[in-house]
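Read the structure below first, then the notes.
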Amino acid sequence: MEQGRSHGCKDCGGSYILLRDDEDPRLARFNRRLPCCGCGIGWSSLLLGFLCPLIWYCAAILYLCKYYDNDPRERSGLAASAMAALVSTIVVLITLAVIFL
């Protein structure tokens, strides 16, 4: 087995295929790093939301406005933040109901 050869590509003549193609720039669209230290806005907001839960609600708004259409890698983190916002809302409502009722 030779190193430096691709075995699954029939059209490439046995050589590697470039990720960035000048003819089709869509191939390199998600080749860049995610913002917020590489883990994305969603996961960063989930972690920072434990310090300030309002950040979860901001991420939930981004999720509901389909911010992840710009970069689908953000979808899971934004969904996790939206669920954290939902859970924290339920906990606050139950706590208020127990205290005042």
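Labels used: A, B, ... for chains in the order of the structure tokens, numbers from 1 for residues in each chain, and numbers from 1 for ligands as shown.
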
Residue neighbourhood range 42-44 of chain A, 7 Å, only C-alpha atoms, exclusion window fewer than 6 positions, as a VMD selection string:
chain A and resid 36 59 74 77 to 78 81

Take the residues that were just selected and, keeping C-alpha atoms, output them as an mmCIF file, in the first residue's frame.
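The resulting file, out10.cif, is reproduced below:
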```
data_model
loop_
_atom_site.group_PDB
_atom_site.id
_atom_site.type_symbol
_atom_site.label_atom_id
_atom_site.label_comp_id
_atom_site.auth_asym_id
_atom_site.auth_seq_id
_atom_site.Cartn_x
_atom_site.Cartn_y
_atom_site.Cartn_z
ATOM 1 C CA CYS A 36 -15.780 31.403 20.767
ATOM 2 C CA ALA A 59 -29.095 31.364 22.570
ATOM 3 C CA GLU A 74 -23.971 25.464 15.666
ATOM 4 C CA GLY A 77 -25.077 23.766 20.978
ATOM 5 C CA LEU A 78 -27.932 26.194 20.386
ATOM 6 C CA SER A 81 -28.917 26.080 25.345
#
```

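Between CA of Pro72 in chain A and CA of Val87 in chain A lies a distance of 23.8 Å.
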
Under the rule that only C-alpha atoms are counted, which of A:Tyr67, A:Phe100, A:Trp56, A:Cys39 is the nearest residue to Leu86 in chain A?
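Among A:Tyr67, A:Phe100, A:Trp56, A:Cys39, it is A:Trp56 that comes nearest to Leu86 in chain A.
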
Have a look at A:Leu47, A:Leu64, A:Leu34, A:Leu54 and name the one nearest to Ser88 in chain A; count only C-alpha atoms.
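Smallest distance to Ser88 in chain A is found for A:Leu54.
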